[in-house]
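Participant: Take this structure first; my questions come after.
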Number of protein chains: 2
Amino acid sequence: MKKLAEMSRDELIAFKAAAQKEYDALKGKGLKLDMSRGKPNSKQIDISNDLFKLPLDGNFKMDGIDVRNYGTLDGLPSCRAMFADILGCKTEEVFCGGNASLTLMYDTIAKAFTHGLLHSERPWSKEEKIKFLCPAPGYDRHFSICKTFNIEMITIEMTETGPDMDAVESYIKDPAVKGIWCVPKFSNPDGIIYSDETVHRIASMKPAAPDFIVMWDNAYCVHEFDGDFVPFPDIIAECRNAGNPDMVFEFASTSKITFPGGGVSCFACSVDNMAYMKKLIGMQSISFDKINQFRHVLFLKDRAHTIEHMKKHAALMKPKFDMVLSKLNAQIAPLGIATWHTPKGGYFVSLNTMEGCAKRTNLLAKEAGVAMTGAGATYPYGNDPKDSNLRIAPTFPPIEELDVAMDVFCASLKLAAAEKLLG
Amino acid sequence: MKKLAEMSRDELIAFKAAAQKEYDALKGKGLKLDMSRGKPNSKQIDISNDLFKLPLDGNFKMDGIDVRNYGTLDGLPSCRAMFADILGCKTEEVFCGGNASLTLMYDTIAKAFTHGLLHSERPWSKEEKIKFLCPAPGYDRHFSICKTFNIEMITIEMTETGPDMDAVESYIKDPAVKGIWCVPKFSNPDGIIYSDETVHRIASMKPAAPDFIVMWDNAYCVHEFDGDFVPFPDIIAECRNAGNPDMVFEFASTSKITFPGGGVSCFACSVDNMAYMKKLIGMQSISFDKINQFRHVLFLKDRAHTIEHMKKHAALMKPKFDMVLSKLNAQIAPLGIATWHTPKGGYFVSLNTMEGCAKRTNLLAKEAGVAMTGAGATYPYGNDPKDSNLRIAPTFPPIEELDVAMDVFCASLKLAAAEKLLG
C-alpha cells in the first residue's frame, strides 16, 4: 500500500471512493458500539466478585474498630497501610475516602477555594486569578474541575518522558500559577511513564506561589496489562527530600482494581497537610465507608497480592489492546496518516491523525454507530490546536464488538484523511 | 424530698455534702463511659447484618444497570424510588449519594460558596456577609458547617412546635440571611416534631434573599422508638404549593437505619434544583457507590418495610430512654433543679439545668469518667446564653453502663446545683 501523502490526485480519489464504500457498508450495519470511556468490562469486574462474600466469618472488627459504626475519619488503619504499601509511602501519609478519587481531587481544589491550602495566603476565591498547568493530551475530568472553578488552564506539551519540564519551570514563576495535573504512570491518554528525571524535576520545583499544588493522580499505579509491574518513585518522599514536603497530593483508588463504581479511594500527602485537611474534612464527614475499606483489605491484602490480582485484568485487557494495535498496524500504518503510542498499561491508546482530521474522524465514527471520546476532550477547553488527538478506550466492549468498532474507526480515519488531502 | 430552691442554707450544705459523697464514691470506681454522641449500639447494628449477604443470587444488575460499574450519577433509580417512598416525595426529586448526609449538606453549602445556588446572583464567596438562622438547641455539626464557612449564625429559640417562626419571619427580611437549619422530626436534641403550622409557615416564607435555602435535615424521619410511626408532611411539595419550589433541600440517610458508617444518603429537591446540582456534582463524581444502594434496596425495600425494620431498633432503644427518664424522674425531678423533654423518637434527651449549671455538671461528669456532649455544643458558637442545656445520648453504651453513667450524671447535676445555690 502507498502512503496517502505520496498518492496522485487520481489515486487519492480512488482511495477515497474505496474508503467511502467500506465506511458505508459498516454504517449500514446499524451498529451501537462504545469506545468512549476507560471503563472496565463486566468480565473484569467479575474478577472481584468474591468481595461480595466478605467477611466470611461475621467478624466486623478490624484494628479494634467496629467497621460498621461511625468514626475514624481518615480511614481504617489497615486500609491506610495497604494503600501506603501500594504507593510506597507511609501509613500516616494516607487518607482513605469513599468510592472515587475524582471526588477527593475535586474536594481538594474546592477547599483551596473556600479555605485555602496549608500555605495559602488566602482562600483562592479571594484571588484575582488562578491558573493551572495542564499537560496535554490529558484527562478531560481534570480539565473539567479547572473549568468549573474558573481556573485558567495552560497547556503543557507532553513528551515521551512526561510534561515538558522547561515549560513547566518557566510558567511556575508566575504566582498565579497554583498547580499542575500529573498522571505519572501510564498517563491518560498517552500511556507514558514519567522518567525519573521528570519526577525529580517536578519534586524540586520552586514555584512562586507558596501554595502551589502538584495534583499527582496515580490512577494507573499497578495497572500493567503487558509485562511485569513497573516500580515507581514515592512522590511524597521525593518532594520531602527536595525540600517541598507540602507541595504534593497523590491520589489513587481501586476503581480499576475491584469495582469501578464501588471501590475505595485515597489521597496521600505530608503529615502537615494531613493534619490541615483532616480539620477541614472533619466538618464534612464523620467517616467514610469503612465497611468497604474493610472488605478491600480482606480481599486485596497488600501490594504484592494486588499486583497478582491485576494479572487477571491484564489477561482480559491485553487481547483488546492487541486487537486495536493490530488493526492500526494493518489498516493505518502503511498509509502514513496517523501515529500512536503502544502502551503497556493504563486504559487508552492515544492516536494522532494528520492535522485537522480528529473531529472529522470522530464524527464519521459516531455517525456509523461508534461512540468515542470527543475529539479535543484531551486538551484544555476541548481545544486541540492541531485537531489531531483521539483517545481509543478498548476495554469496555466485548472483543467481538471491539473488532467491528475498530474497523469503523479505521474506515472513518481513512475517509477523513482522504477528504482532507483532496481539500 | 424537698426542692433545692426551698431548702435552708443548712439543709443545702447537708445536701451538698451528701451529693459530694455520692459523687466521690462513683468517681472512685474509675469509670470510662460514653453518652456523648447519637451513635447506635453494636446490637442495633447487628439488626442489619444480613445486608452483608446480599445479593444472594450473584445478580449484580438492577434497573438494567450493572451496579458495580461507573455511571448513573444521581443513583440507582430503585434506590431513589425507595427514598422517595420514605420521604413522601417523587423519585425524580431524589439524589442518592454516598454514606453520609452530612457530606451532602456540607457539599450543598460549599457549592453555594464556590458556584452559587440556582437563584444566586453570585457565588456566596463573593458576598460581603452570609448569615444563617440556627434554631437552638440544635445539631452541633450544622453549626460547625456554618463556622467553617464563616457564616454568621443567628440563634432562633426552639418552641414546643418548632423554631420561633415570628423571629424567623422577621430575620429573613435581611437579604444577607441565606438559610435556616431544620431538623423537623425529633429535632436534635429536643425531640420536637414541628407542627403542621410551623411547616406551612416555613414553606410559605418570602425571604429577601432570592437564593435562601431551607436545609431540611430529616435525619429521624422513621426513627420512632416509642409508639407508632408518625407521618410527616412532604416539604418538597409544601414548598412547591407555597410558590417556593426551589427554596428547600431535604436530607436523609440510612445511617441510623442500617449501618452508621456504611449507609446510603440522599437529598431531595425540586427538579430544577436537581438539574442544576447534577451539573455541578458531575464535575466531582462519576457516580456514588451503587453497590451499597443496591444492597439497601434489596434489604429495606420500601417505606412500610423500613418502618417494620425500625421496630427492631425501637426494641433496643426504648429501655435505654426509659432508664434515662426513670433516673431523672427519681433522682432529679423532686429537687426541681432541671427540666427535660420526653421524646418518642430520635437519639437524645435534652435537659435544661438551672441557669449556669450545665458546664459545671458536664465537667463533674467528665472527671468521674462519663463523657457527654460538651455543654454549649447545642448552641451556635458553643454559646448557650443560659449555660443550661445538656444533651444526653443514651444509645451507644450497653444498658448496664448507662445505668451507672446516669447515676454519675445525676450526682454531678445535684452537686453542681448545690454549689450554685450556695454561691
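Identifiers for the C-alpha cells are assigned positionally: chains receive A, B, ... in sequence, residues are indexed from 1 per chain, and ligands are indexed from 1 in the order shown.
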Produce a table with one row for each residue of stretch 226-292 of chain A that has an atom at most 12 Å from any atom of stretch 108-132 of chain B, each row naming the nearest atom pair and its distance in Å at one decimal; use only C-alpha atoms; arrange rows by chain and rising residue number; format as CSV.
Facilitator:
residue,atom,partner,partner_atom,distance
A:Leu280,CA,B:Ala110,CA,11.9
A:Ile281,CA,B:Ala110,CA,12.0
A:Met283,CA,B:Ala110,CA,11.2
A:Gln284,CA,B:Ala110,CA,9.7
Participant: Export, as a PDB file, in the first residue's frame, the selected residues with C-alpha atoms.
Facilitator:
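Heads up, here's the output in result-v2.pdb:
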ATOM      1  CA  LEU A 280     -11.399  20.686  57.204  1.00  0.00           C
ATOM      2  CA  ILE A 281     -12.790  17.290  56.169  1.00  0.00           C
ATOM      3  CA  MET A 283     -16.642  19.416  59.068  1.00  0.00           C
ATOM      4  CA  GLN A 284     -17.851  17.450  56.026  1.00  0.00           C
TER       5      GLN A 284
END
Participant: Tell me, counting only C-alpha atoms, for each residue of chain A within 6 Å of chain B, which pair of atoms is nearest and how far apart they are in Å to one decimal, in rows ordered by chain and increasing number, as CSV.
Facilitator:
residue,atom,partner,partner_atom,distance
A:Arg68,CA,B:Gly261,CA,5.3
A:Asn69,CA,B:Gly261,CA,4.7
A:Tyr70,CA,B:Gly261,CA,4.6
A:Leu102,CA,B:Ser285,CA,6.0
A:Thr103,CA,B:Gln284,CA,4.9
A:Tyr106,CA,B:Gln284,CA,5.4
A:Ile145,CA,B:Met283,CA,5.9
A:Phe259,CA,B:Arg68,CA,5.4
A:Pro260,CA,B:Asn69,CA,4.8
A:Gly261,CA,B:Tyr70,CA,4.6
A:Gly262,CA,B:Asp289,CA,4.8
A:Met283,CA,B:Ile145,CA,5.9
A:Gln284,CA,B:Thr103,CA,4.9
A:Ser285,CA,B:Thr103,CA,5.4
A:Asp289,CA,B:Gly262,CA,4.8
Participant: Please produce an output containing N, CA, C and O atoms for each residue in the selection, written as a PDB file, in the first residue's frame.
Facilitator:
ATOM      1  N   ARG A  68     -18.613  -0.975  61.024  1.00  0.00           N
ATOM      2  CA  ARG A  68     -19.963  -0.583  60.618  1.00  0.00           C
ATOM      3  C   ARG A  68     -20.391   0.741  61.236  1.00  0.00           C
ATOM      4  O   ARG A  68     -21.314   1.394  60.769  1.00  0.00           O
ATOM      5  N   ASN A  69     -19.772   1.131  62.334  1.00  0.00           N
ATOM      6  CA  ASN A  69     -20.237   2.302  63.079  1.00  0.00           C
ATOM      7  C   ASN A  69     -19.537   3.586  62.615  1.00  0.00           C
ATOM      8  O   ASN A  69     -18.660   3.554  61.770  1.00  0.00           O
ATOM      9  N   TYR A  70     -19.954   4.703  63.189  1.00  0.00           N
ATOM     10  CA  TYR A  70     -19.327   5.998  62.927  1.00  0.00           C
ATOM     11  C   TYR A  70     -17.876   6.021  63.393  1.00  0.00           C
ATOM     12  O   TYR A  70     -17.493   5.285  64.289  1.00  0.00           O
ATOM     13  N   LEU A 102     -11.740  10.887  42.116  1.00  0.00           N
ATOM     14  CA  LEU A 102     -12.154  12.134  41.458  1.00  0.00           C
ATOM     15  C   LEU A 102     -12.781  13.082  42.481  1.00  0.00           C
ATOM     16  O   LEU A 102     -12.525  14.295  42.464  1.00  0.00           O
ATOM     17  N   THR A 103     -13.583  12.514  43.370  1.00  0.00           N
ATOM     18  CA  THR A 103     -14.229  13.325  44.413  1.00  0.00           C
ATOM     19  C   THR A 103     -13.188  13.913  45.353  1.00  0.00           C
ATOM     20  O   THR A 103     -13.281  15.079  45.744  1.00  0.00           O
ATOM     21  N   TYR A 106     -11.483  16.770  43.412  1.00  0.00           N
ATOM     22  CA  TYR A 106     -12.387  17.929  43.357  1.00  0.00           C
ATOM     23  C   TYR A 106     -12.425  18.617  44.720  1.00  0.00           C
ATOM     24  O   TYR A 106     -12.310  19.843  44.815  1.00  0.00           O
ATOM     25  N   ILE A 145     -12.653  19.974  36.158  1.00  0.00           N
ATOM     26  CA  ILE A 145     -12.554  20.553  37.501  1.00  0.00           C
ATOM     27  C   ILE A 145     -12.032  21.986  37.392  1.00  0.00           C
ATOM     28  O   ILE A 145     -12.561  22.910  38.005  1.00  0.00           O
ATOM     29  N   PHE A 259     -14.037  -2.668  41.898  1.00  0.00           N
ATOM     30  CA  PHE A 259     -15.293  -2.226  41.277  1.00  0.00           C
ATOM     31  C   PHE A 259     -15.223  -0.749  40.892  1.00  0.00           C
ATOM     32  O   PHE A 259     -15.035   0.103  41.757  1.00  0.00           O
ATOM     33  N   PRO A 260     -15.413  -0.437  39.600  1.00  0.00           N
ATOM     34  CA  PRO A 260     -15.322   0.955  39.160  1.00  0.00           C
ATOM     35  C   PRO A 260     -16.215   1.900  39.967  1.00  0.00           C
ATOM     36  O   PRO A 260     -15.804   3.005  40.318  1.00  0.00           O
ATOM     37  N   GLY A 261     -17.424   1.454  40.274  1.00  0.00           N
ATOM     38  CA  GLY A 261     -18.340   2.336  40.986  1.00  0.00           C
ATOM     39  C   GLY A 261     -18.354   2.120  42.488  1.00  0.00           C
ATOM     40  O   GLY A 261     -19.008   2.858  43.216  1.00  0.00           O
ATOM     41  N   GLY A 262     -17.644   1.109  42.962  1.00  0.00           N
ATOM     42  CA  GLY A 262     -17.743   0.768  44.383  1.00  0.00           C
ATOM     43  C   GLY A 262     -16.409   0.372  44.994  1.00  0.00           C
ATOM     44  O   GLY A 262     -16.340  -0.521  45.835  1.00  0.00           O
ATOM     45  N   MET A 283     -15.392  18.645  59.111  1.00  0.00           N
ATOM     46  CA  MET A 283     -16.642  19.416  59.068  1.00  0.00           C
ATOM     47  C   MET A 283     -17.626  18.822  58.056  1.00  0.00           C
ATOM     48  O   MET A 283     -18.794  19.146  58.050  1.00  0.00           O
ATOM     49  N   GLN A 284     -17.117  17.956  57.193  1.00  0.00           N
ATOM     50  CA  GLN A 284     -17.851  17.450  56.026  1.00  0.00           C
ATOM     51  C   GLN A 284     -18.322  16.018  56.244  1.00  0.00           C
ATOM     52  O   GLN A 284     -19.265  15.557  55.608  1.00  0.00           O
ATOM     53  N   SER A 285     -17.632  15.326  57.134  1.00  0.00           N
ATOM     54  CA  SER A 285     -17.873  13.892  57.267  1.00  0.00           C
ATOM     55  C   SER A 285     -17.453  13.422  58.654  1.00  0.00           C
ATOM     56  O   SER A 285     -16.511  13.958  59.242  1.00  0.00           O
ATOM     57  N   ASP A 289     -16.900   5.193  54.211  1.00  0.00           N
ATOM     58  CA  ASP A 289     -17.435   3.835  54.335  1.00  0.00           C
ATOM     59  C   ASP A 289     -16.327   2.841  54.715  1.00  0.00           C
ATOM     60  O   ASP A 289     -15.649   2.300  53.849  1.00  0.00           O
TER      61      ASP A 289
END
Participant: I'd like the contact shell of B:Ile392 - 8 Å cut-off, only C-alpha atoms, skipping same-chain residues fewer than 6 positions apart - returned as a list in words.
Facilitator: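 My list of contacting residues is Met35, Ser36, Phe348, Val349, Ser350, Leu351, Met372 and Thr373 of chain B.
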Participant: Please report, as a list in words, each residue of stretch 54-124 of chain B to which DSSP assigns helix (DSSP H, G or I) when run on this structure's backbone.
Facilitator: Pro77, Ser78, Cys79, Arg80, Ala81, Met82, Phe83, Ala84, Asp85, Ile86, Leu87, Thr91, Glu92, Glu93, Ser101, Leu102, Thr103, Leu104, Met105, Tyr106, Asp107, Thr108, Ile109, Ala110, Lys111, Ala112, Phe113, Thr114 and Trp124 of chain B
Participant: So the first atom is atom CA of A:Lys43 and the second is atom CA of A:Ile399; what is the distance between them in Å, to one decimal place?
Facilitator: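 Interatomic distance here is 11.3 Å.
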Participant: Would you pick out the contacts of A:Leu51 at 8 Å or less, using only C-alpha atoms, so that residues sharing its chain but fewer than 4 positions from it are not included, and give the list as a PyMOL selection string?
Facilitator: chain A and resi 295-296+299
Participant: Atoms to include: N, CA, C and O atoms. Write the selected residues as a PDB file, in the first residue's frame.
Facilitator:
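Result file is again30.pdb:
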ATOM      1  N   ARG A 295     -13.593  -4.640  53.574  1.00  0.00           N
ATOM      2  CA  ARG A 295     -13.681  -5.692  52.553  1.00  0.00           C
ATOM      3  C   ARG A 295     -12.477  -5.655  51.628  1.00  0.00           C
ATOM      4  O   ARG A 295     -11.939  -6.689  51.237  1.00  0.00           O
ATOM      5  N   HIS A 296     -12.080  -4.441  51.268  1.00  0.00           N
ATOM      6  CA  HIS A 296     -10.952  -4.315  50.341  1.00  0.00           C
ATOM      7  C   HIS A 296      -9.642  -4.794  50.958  1.00  0.00           C
ATOM      8  O   HIS A 296      -8.807  -5.374  50.264  1.00  0.00           O
ATOM      9  N   PHE A 299      -9.661  -8.496  50.877  1.00  0.00           N
ATOM     10  CA  PHE A 299      -9.592  -9.039  49.524  1.00  0.00           C
ATOM     11  C   PHE A 299      -8.246  -8.779  48.849  1.00  0.00           C
ATOM     12  O   PHE A 299      -7.649  -9.674  48.246  1.00  0.00           O
TER      13      PHE A 299
END
Participant: To one decimal place in Å, what is the distance between atom CA of B:Ser170 and atom CA of B:Gly376?
Facilitator: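 For atom CA of B:Ser170 relative to atom CA of B:Gly376, the distance reads 25.2 Å.
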Participant: Got a sec: who's within 7 Å of A:Tyr379, counting only C-alpha atoms, leaving out chain neighbours fewer than 2 positions off, as a list of chain:residue names?
Facilitator: A:Ala136, A:Pro137, A:Gly138, A:Gly376, A:Ala377, A:Tyr381, A:Gly382, A:Asn383, A:Asp384
Participant: Could you dump the residues just selected with all heavy atoms as an mmCIF file, in the first residue's frame?
Facilitator:
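Printed below is out13.cif as written:
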data_model
loop_
_atom_site.group_PDB
_atom_site.id
_atom_site.type_symbol
_atom_site.label_atom_id
_atom_site.label_comp_id
_atom_site.auth_asym_id
_atom_site.auth_seq_id
_atom_site.Cartn_x
_atom_site.Cartn_y
_atom_site.Cartn_z
ATOM 1 N N ALA A 136 -0.898 18.107 28.194
ATOM 2 C CA ALA A 136 -1.906 17.618 27.262
ATOM 3 C C ALA A 136 -1.230 16.946 26.069
ATOM 4 O O ALA A 136 -0.165 17.379 25.654
ATOM 5 C CB ALA A 136 -2.796 18.767 26.790
ATOM 6 N N PRO A 137 -1.808 15.878 25.499
ATOM 7 C CA PRO A 137 -3.130 15.386 25.874
ATOM 8 C C PRO A 137 -3.177 14.897 27.325
ATOM 9 O O PRO A 137 -2.198 14.352 27.833
ATOM 10 C CB PRO A 137 -3.394 14.242 24.890
ATOM 11 C CG PRO A 137 -2.085 13.904 24.293
ATOM 12 C CD PRO A 137 -1.230 15.115 24.398
ATOM 13 N N GLY A 138 -4.330 15.086 27.965
ATOM 14 C CA GLY A 138 -4.501 14.702 29.358
ATOM 15 C C GLY A 138 -5.930 14.250 29.625
ATOM 16 O O GLY A 138 -6.691 13.993 28.684
ATOM 17 N N GLY A 376 -10.675 16.545 20.905
ATOM 18 C CA GLY A 376 -10.393 17.762 21.654
ATOM 19 C C GLY A 376 -10.526 17.585 23.152
ATOM 20 O O GLY A 376 -9.976 18.371 23.923
ATOM 21 N N ALA A 377 -11.250 16.547 23.581
ATOM 22 C CA ALA A 377 -11.507 16.368 25.017
ATOM 23 C C ALA A 377 -10.229 16.191 25.817
ATOM 24 O O ALA A 377 -10.201 16.463 27.015
ATOM 25 C CB ALA A 377 -12.422 15.169 25.240
ATOM 26 N N TYR A 381 -10.057 23.205 27.590
ATOM 27 C CA TYR A 381 -11.119 23.883 26.850
ATOM 28 C C TYR A 381 -11.565 23.089 25.621
ATOM 29 O O TYR A 381 -12.172 23.643 24.715
ATOM 30 C CB TYR A 381 -10.677 25.296 26.421
ATOM 31 C CG TYR A 381 -10.172 26.140 27.567
ATOM 32 C CD1 TYR A 381 -8.812 26.411 27.727
ATOM 33 C CD2 TYR A 381 -11.054 26.636 28.528
ATOM 34 C CE1 TYR A 381 -8.346 27.168 28.793
ATOM 35 C CE2 TYR A 381 -10.591 27.396 29.598
ATOM 36 C CZ TYR A 381 -9.235 27.661 29.720
ATOM 37 O OH TYR A 381 -8.781 28.404 30.776
ATOM 38 N N GLY A 382 -11.253 21.794 25.570
ATOM 39 C CA GLY A 382 -11.631 20.986 24.408
ATOM 40 C C GLY A 382 -10.939 21.442 23.140
ATOM 41 O O GLY A 382 -11.386 21.136 22.040
ATOM 42 N N ASN A 383 -9.832 22.167 23.310
ATOM 43 C CA ASN A 383 -9.195 22.808 22.168
ATOM 44 C C ASN A 383 -7.858 22.155 21.825
ATOM 45 O O ASN A 383 -6.814 22.530 22.350
ATOM 46 C CB ASN A 383 -9.011 24.296 22.491
ATOM 47 C CG ASN A 383 -8.329 25.025 21.356
ATOM 48 O OD1 ASN A 383 -8.377 24.581 20.204
ATOM 49 N ND2 ASN A 383 -7.682 26.132 21.682
ATOM 50 N N ASP A 384 -7.908 21.184 20.955
ATOM 51 C CA ASP A 384 -6.689 20.544 20.458
ATOM 52 C C ASP A 384 -6.185 21.407 19.309
ATOM 53 O O ASP A 384 -6.788 21.423 18.231
ATOM 54 C CB ASP A 384 -7.044 19.130 19.979
ATOM 55 C CG ASP A 384 -5.874 18.431 19.317
ATOM 56 O OD1 ASP A 384 -4.791 19.045 19.196
ATOM 57 O OD2 ASP A 384 -6.056 17.276 18.908
#
Participant: Of the residues B:Ala167, B:Ile86, B:Ile307, B:Met406, which is the one nearest to B:Ser326, using only C-alpha atoms?
Facilitator: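 Looking at the shortest contact to B:Ser326, the residue is B:Met406.
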Participant: Within 6 Å of stretch 13-22 of chain B, counting only C-alpha atoms, which residues qualify if same-chain residues fewer than 2 places away don't, as a list in words?
Facilitator: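 Contacts, with the query itself left out: Asp10, Glu11, Asp24, Ala25, Leu415 and Ala418 of chain B.
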Participant: Now that the selection is made, can you save its residues with N, CA, C and O atoms as a compact mmCIF listing (two decimals), in the first residue's frame?
Facilitator:
# COMPACT_ATOMS: atom_id res chain seq x y z
N ASP B 10 -28.56 25.63 105.71
CA ASP B 10 -28.05 24.43 106.40
C ASP B 10 -28.47 23.15 105.68
O ASP B 10 -27.68 22.22 105.52
N GLU B 11 -29.72 23.13 105.26
CA GLU B 11 -30.20 21.96 104.51
C GLU B 11 -29.39 21.79 103.23
O GLU B 11 -29.02 20.68 102.86
N ASP B 24 -18.26 11.25 94.89
CA ASP B 24 -16.91 10.72 95.12
C ASP B 24 -16.88 9.21 95.03
O ASP B 24 -15.93 8.62 94.50
N ALA B 25 -17.94 8.58 95.58
CA ALA B 25 -17.99 7.11 95.55
C ALA B 25 -18.03 6.61 94.10
O ALA B 25 -17.33 5.66 93.73
N LEU B 415 -24.74 18.00 92.57
CA LEU B 415 -23.61 18.71 93.17
C LEU B 415 -23.47 20.11 92.56
O LEU B 415 -23.29 21.11 93.27
N ALA B 418 -26.23 22.37 93.89
CA ALA B 418 -25.99 22.77 95.28
C ALA B 418 -24.88 23.82 95.35
O ALA B 418 -25.01 24.84 96.05
Participant: To one decimal in Å, tell me the separation between atom CA of B:Phe321 and atom CA of B:Glu401.
Facilitator: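 That distance, rounded to one decimal, is 13.2 Å.
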Participant: Which neighbours of stretch 356-371 of chain A fall inside 7 Å, counting only C-alpha atoms, when residues of the same chain fewer than 4 positions from it are skipped, and could you give them as number ranges by chain?
Facilitator: A: 26-27, 30-36, 375, 386-390, 405, 408-409, 412-413, 416-417
Participant: I need the residues in stretch 180-262 of chain A that are strand (DSSP E) according to DSSP; give them as a short mmCIF file (atom, residue, chain, number, x, y, z; two decimals) with N, CA and C atoms, in the first residue's frame.
Facilitator:
data_model
loop_
_atom_site.label_atom_id
_atom_site.label_comp_id
_atom_site.auth_asym_id
_atom_site.auth_seq_id
_atom_site.Cartn_x
_atom_site.Cartn_y
_atom_site.Cartn_z
N ILE A 180 -0.46 21.92 39.08
CA ILE A 180 -0.28 21.14 37.85
C ILE A 180 -0.96 19.79 38.03
N TRP A 181 -1.58 19.32 36.97
CA TRP A 181 -2.15 17.96 36.96
C TRP A 181 -1.12 16.99 36.40
N CYS A 182 -0.92 15.88 37.09
CA CYS A 182 0.00 14.86 36.59
C CYS A 182 -0.63 13.47 36.71
N ILE A 213 0.28 23.41 44.19
CA ILE A 213 -0.05 22.01 44.47
C ILE A 213 0.15 21.13 43.24
N VAL A 214 0.90 20.05 43.44
CA VAL A 214 1.04 19.03 42.41
C VAL A 214 -0.07 18.01 42.61
N MET A 215 -1.01 17.96 41.68
CA MET A 215 -2.12 17.00 41.76
C MET A 215 -1.66 15.73 41.05
N TRP A 216 -1.14 14.79 41.86
CA TRP A 216 -0.46 13.60 41.36
C TRP A 216 -1.47 12.44 41.29
N ASP A 217 -2.12 12.32 40.16
CA ASP A 217 -3.20 11.34 40.00
C ASP A 217 -2.60 10.01 39.56
N VAL A 248 2.67 18.41 47.36
CA VAL A 248 2.02 17.37 46.54
C VAL A 248 0.88 16.67 47.28
N PHE A 249 -0.18 16.40 46.55
CA PHE A 249 -1.22 15.46 46.97
C PHE A 249 -1.27 14.35 45.90
N GLU A 250 -1.16 13.11 46.37
CA GLU A 250 -1.24 11.97 45.45
C GLU A 250 -2.62 11.33 45.60
N PHE A 251 -3.17 10.84 44.50
CA PHE A 251 -4.50 10.23 44.52
C PHE A 251 -4.45 8.85 43.87
N ALA A 252 -5.25 7.95 44.42
CA ALA A 252 -5.34 6.61 43.83
C ALA A 252 -6.67 6.00 44.25
N SER A 253 -7.02 4.90 43.62
CA SER A 253 -8.25 4.20 44.01
C SER A 253 -8.21 2.78 43.50
#
Participant: Pick the closest to A:Asp407 from A:Asn244, A:Thr159, A:Gln331, A:Thr339: which is it, counting only C-alpha atoms?
Facilitator: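 So, comparing all the options, the nearest one is A:Gln331.
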